[in-house]
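A.B. asks: One structure, as structure tokens, below. Some questions next.
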Amino acid sequence: MCGIAGWVSYDGDLKSQRDVITTMTKTMARRGPDAGGVWIDRHVGLGHRRLAVIDLAGGVQPMQAEELGQTTVSLIYTGEVYNFVELRDELKQLGHRFKTRSDTEVVLRGYLEWGDKVAEHLNGMFAFAIWDVRTEELFLIRDRMGVKPLFYYPTTDGVLFGSEPKAILAHPSVRPRVNKEGFRELLVRAKNPESTIYAGMCEVRPGQVVRVNHNGLTKRRYWMLTAHEHNEDLPRTIRTVAELLEDIVQRQIVADVPLCSLLSGGLDSSAVTAMADRAIAVQQRGRIRSFSVDFASHGTAFVAGDFHKSSDTPFVRDFVAHVGCDHTEVVLDSRELADRDLSRAVIQAADFPLGTSGDMYSSLYRLFQAVRAESTVALSGESSDEVFGGYSWFHDPKAINAATFPWLAATGNTFDGTQVLDADLLERLNLPEFQADSYAQAIAETPVQKGEDAVERRMREISYLHLTRFVQFLLDRKDRMSMAVGLEVRVPFCDHRLVDYVFNIPRSHPATSLLNRKAIKDLLARPLGTTSSLPERAGLERARSISAWVKDYGVVLDL
């Protein structure tokens, strides 16, 4: 896992701009604490910060391919390709020679063989930039589910880009300006694809290729959710899900550094941990390390809420006793999560004021700090609720039938701004209109299966909303908080094969909601409690967060 940054300028010679490119790259140092490098040609500068996970000695970047002593392609890459061994064997059969054991070189050689269609061959989480010296073209490519971030900023003669907005904002020509559209994006929990809060800045959409050349910028989707008929009966479906999960976890435990699992006590993380433990044991690599988080006094003073009906800790301890993994409980003090320095560190990691309760970010940050002291890679059960429909509002008629995002309808968690913004500004922003437009755009995108009845069609829409809008909040939060401390978090439930398969299982089947449990029943002695959380917004907390962000980033509000 790493951080990347770059600059393409067709009207300039960037060989004299090394200091700027180096400065942009240094903003990614926390994402890549192990090494850094810069590569510059006439019209391009590429910067990379590395968190070494696979082939610690050989995966140095930026990485170049040469022909007859001349550089033909240069690559900066972040993420993990889980099928890199098979792809390397395939590419060897096609005549390619490899100098390293890294997945980075597999991506580089894959581009030489398949061009910008290389992403269609990759299974993993990734975001990378390829500069083709032969054609003077840049390709920005992001994984199918958007696990790894990638932002870009078109200029009059090229583009700036980076793993996080801060890399782009470090360029002297870019000001952190937020206009009306960006401010609405900040306040409404919609996460519209490709949009950002900063004026002029875009995000590469999950499953998208952005191509930049002398003629300008073009975009292409290489993957998206599609609707197709599901012909397998329930027993076969359950076996397929179980087989997919086993294969996914087997692939994702590969690492040349210490690996662990994040354990919440819920079904999702318990399944991942149990599968990883079994696979590691088969390979005679000992037991899986696992980490869970609890808060001081929760054991004696836990208060049930809308999203946590009971404390997670008893479920975690039951699971650990059952599986026998090497477990550590990280205990946090809620009072310390309000520390001002911690809050600023979290905002710096996120690049924007927090759209959800700040302690949900700060507690994750503290947990990841503790995990990073022992491990470099962690497996997570994140996104299972979005894939399998695990939230309560998937079964709430009020949320299902509402003409808005179901998580907002179910929780009443809509930001009206009255506690933070004055009436004139609220009227100009027209947040209800923006939310309605965002929802309508998402619904219009939802694929249709011929012959679906109205109920099945609506459940497909609900699923699509979660997989393309809601899950992006969770993945972005996890990526920013983990990479801020140099920890790589892998998300098995975001494997595109599993997502596409489950997306097309009929939601009306009476046993579908139990599918995930049935698929892993042989791993667990008894059902474990499943937990989900969606923090409430607080107007005053939002105001403080926005104020700190504006001050620290020098944000210009152009509303």
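Ordering of the structure tokens sets the chain letters (A, B, ...); residue numbers start at 1 within each chain; ligands are numbered from 1 in the order shown.
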Residues of range 101-170 of chain A that approach range 498-507 of chain A to 12 Å or less, counting only C-alpha atoms: could you list each one with the shortest pair of atoms and its distance in Å to one decimal, rows by chain and increasing residue number, as a tab-separated table?

C.D. replies:
```
residue	atom	partner	partner_atom	distance
A:Asn123	CA	A:Leu498	CA	11.5
A:Arg144	CA	A:Val499	CA	10.2
A:Met145	CA	A:Val499	CA	8.9
```

A.B. asks: Report as a PyMOL selection string: the residues of range 151-280 of chain A with a DSSP assignment of strand (DSSP E), based on the backbone of this structure.

C.D. replies: chain A and resi 151-155+158-162+177-179+202-203+208-213+216-221+259-262

A.B. asks: Enter the distance from CA of His230 in chain A to CA of Leu87 in chain A, in Å, rounded to one decimal.

C.D. replies: 28.8 Å

A.B. asks: Enter the distance from CA of Glu90 in chain A to CA of Leu245 in chain A, in Å, rounded to one decimal.

C.D. replies: 24.1 Å

A.B. asks: Skipping near chain neighbours, those fewer than 6 positions away, what residues fall within 9 Å of Val550 in chain A using only C-alpha atoms, listed as a ChimeraX atom specification?

C.D. replies: /A:352-353,556-557

A.B. asks: So which residues of range 56-212 of chain A fall under alpha helix (DSSP H) by DSSP, listed as a VMD selection string?

C.D. replies: chain A and resid 84 to 93 103 to 114 165 to 169 180 to 187

A.B. asks: Deliver the residues from the most recent selection as a file, using N, CA and C atoms, as a CSV table (one decimal), in the first residue's frame.

C.D. replies:
```
chain,number,residue,atom,x,y,z
A,84,PHE,N,-1.8,-11.7,-8.7
A,84,PHE,CA,-0.6,-11.4,-9.4
A,84,PHE,C,0.3,-12.6,-9.7
A,85,VAL,N,0.2,-13.7,-8.9
A,85,VAL,CA,1.0,-14.8,-9.2
A,85,VAL,C,0.5,-15.5,-10.5
A,86,GLU,N,-0.8,-15.7,-10.6
A,86,GLU,CA,-1.3,-16.2,-11.9
A,86,GLU,C,-1.1,-15.3,-13.1
A,87,LEU,N,-1.2,-14.0,-12.9
A,87,LEU,CA,-1.0,-13.1,-14.0
A,87,LEU,C,0.5,-13.1,-14.4
A,88,ARG,N,1.4,-13.2,-13.5
A,88,ARG,CA,2.8,-13.3,-13.8
A,88,ARG,C,3.1,-14.5,-14.6
A,89,ASP,N,2.6,-15.7,-14.2
A,89,ASP,CA,2.8,-16.9,-15.0
A,89,ASP,C,2.2,-16.7,-16.4
A,90,GLU,N,1.1,-16.1,-16.5
A,90,GLU,CA,0.5,-15.9,-17.9
A,90,GLU,C,1.3,-15.0,-18.7
A,91,LEU,N,1.8,-13.9,-18.1
A,91,LEU,CA,2.7,-13.0,-18.9
A,91,LEU,C,4.0,-13.6,-19.2
A,92,LYS,N,4.5,-14.5,-18.4
A,92,LYS,CA,5.8,-15.2,-18.8
A,92,LYS,C,5.5,-16.0,-20.0
A,93,GLN,N,4.4,-16.7,-20.0
A,93,GLN,CA,4.1,-17.5,-21.2
A,93,GLN,C,4.0,-16.6,-22.5
A,103,ASP,N,3.9,-7.4,-7.1
A,103,ASP,CA,2.7,-7.2,-8.0
A,103,ASP,C,2.8,-6.0,-8.8
A,104,THR,N,3.6,-5.0,-8.4
A,104,THR,CA,3.7,-3.8,-9.1
A,104,THR,C,4.3,-4.1,-10.5
A,105,GLU,N,5.3,-4.9,-10.6
A,105,GLU,CA,5.8,-5.3,-11.9
A,105,GLU,C,4.9,-6.0,-12.8
A,106,VAL,N,4.0,-6.8,-12.1
A,106,VAL,CA,2.9,-7.5,-12.9
A,106,VAL,C,2.0,-6.5,-13.5
A,107,VAL,N,1.6,-5.4,-12.8
A,107,VAL,CA,0.8,-4.4,-13.4
A,107,VAL,C,1.5,-3.7,-14.5
A,108,LEU,N,2.8,-3.4,-14.4
A,108,LEU,CA,3.6,-2.7,-15.4
A,108,LEU,C,3.6,-3.6,-16.7
A,109,ARG,N,4.0,-4.9,-16.5
A,109,ARG,CA,4.1,-5.8,-17.7
A,109,ARG,C,2.7,-6.0,-18.2
A,110,GLY,N,1.7,-6.0,-17.4
A,110,GLY,CA,0.3,-6.2,-17.9
A,110,GLY,C,-0.1,-5.1,-18.8
A,111,TYR,N,0.3,-3.9,-18.5
A,111,TYR,CA,0.0,-2.7,-19.3
A,111,TYR,C,0.7,-2.9,-20.7
A,112,LEU,N,2.0,-3.3,-20.7
A,112,LEU,CA,2.7,-3.5,-21.9
A,112,LEU,C,2.0,-4.6,-22.8
A,113,GLU,N,1.3,-5.5,-22.2
A,113,GLU,CA,0.6,-6.6,-23.0
A,113,GLU,C,-0.8,-6.2,-23.4
A,114,TRP,N,-1.5,-5.5,-22.4
A,114,TRP,CA,-3.0,-5.3,-22.7
A,114,TRP,C,-3.4,-3.8,-22.7
A,165,PRO,N,-6.6,14.5,-1.7
A,165,PRO,CA,-6.6,15.9,-2.2
A,165,PRO,C,-5.4,16.7,-1.7
A,166,LYS,N,-4.8,16.4,-0.6
A,166,LYS,CA,-3.7,17.2,0.0
A,166,LYS,C,-2.5,17.2,-1.0
A,167,ALA,N,-2.3,16.1,-1.8
A,167,ALA,CA,-1.2,16.1,-2.7
A,167,ALA,C,-1.4,17.2,-3.8
A,168,ILE,N,-2.7,17.3,-4.3
A,168,ILE,CA,-3.0,18.3,-5.3
A,168,ILE,C,-3.0,19.7,-4.7
A,169,LEU,N,-3.5,19.9,-3.5
A,169,LEU,CA,-3.5,21.2,-2.9
A,169,LEU,C,-2.1,21.7,-2.6
A,180,LYS,N,-20.4,26.4,-4.3
A,180,LYS,CA,-21.7,26.0,-3.8
A,180,LYS,C,-21.9,24.5,-4.0
A,181,GLU,N,-21.5,24.0,-5.1
A,181,GLU,CA,-21.7,22.5,-5.3
A,181,GLU,C,-20.8,21.7,-4.4
A,182,GLY,N,-19.6,22.1,-4.1
A,182,GLY,CA,-18.7,21.4,-3.2
A,182,GLY,C,-19.3,21.5,-1.8
A,183,PHE,N,-19.8,22.6,-1.4
A,183,PHE,CA,-20.3,22.7,0.0
A,183,PHE,C,-21.5,21.9,0.2
A,184,ARG,N,-22.4,21.8,-0.8
A,184,ARG,CA,-23.5,20.9,-0.8
A,184,ARG,C,-23.1,19.4,-0.7
A,185,GLU,N,-22.0,19.1,-1.4
A,185,GLU,CA,-21.5,17.7,-1.4
A,185,GLU,C,-21.0,17.4,0.0
A,186,LEU,N,-20.4,18.4,0.7
A,186,LEU,CA,-19.9,18.2,2.0
A,186,LEU,C,-21.0,18.0,3.1
A,187,LEU,N,-22.2,18.7,2.9
A,187,LEU,CA,-23.2,18.6,3.9
A,187,LEU,C,-24.2,17.5,3.7
```
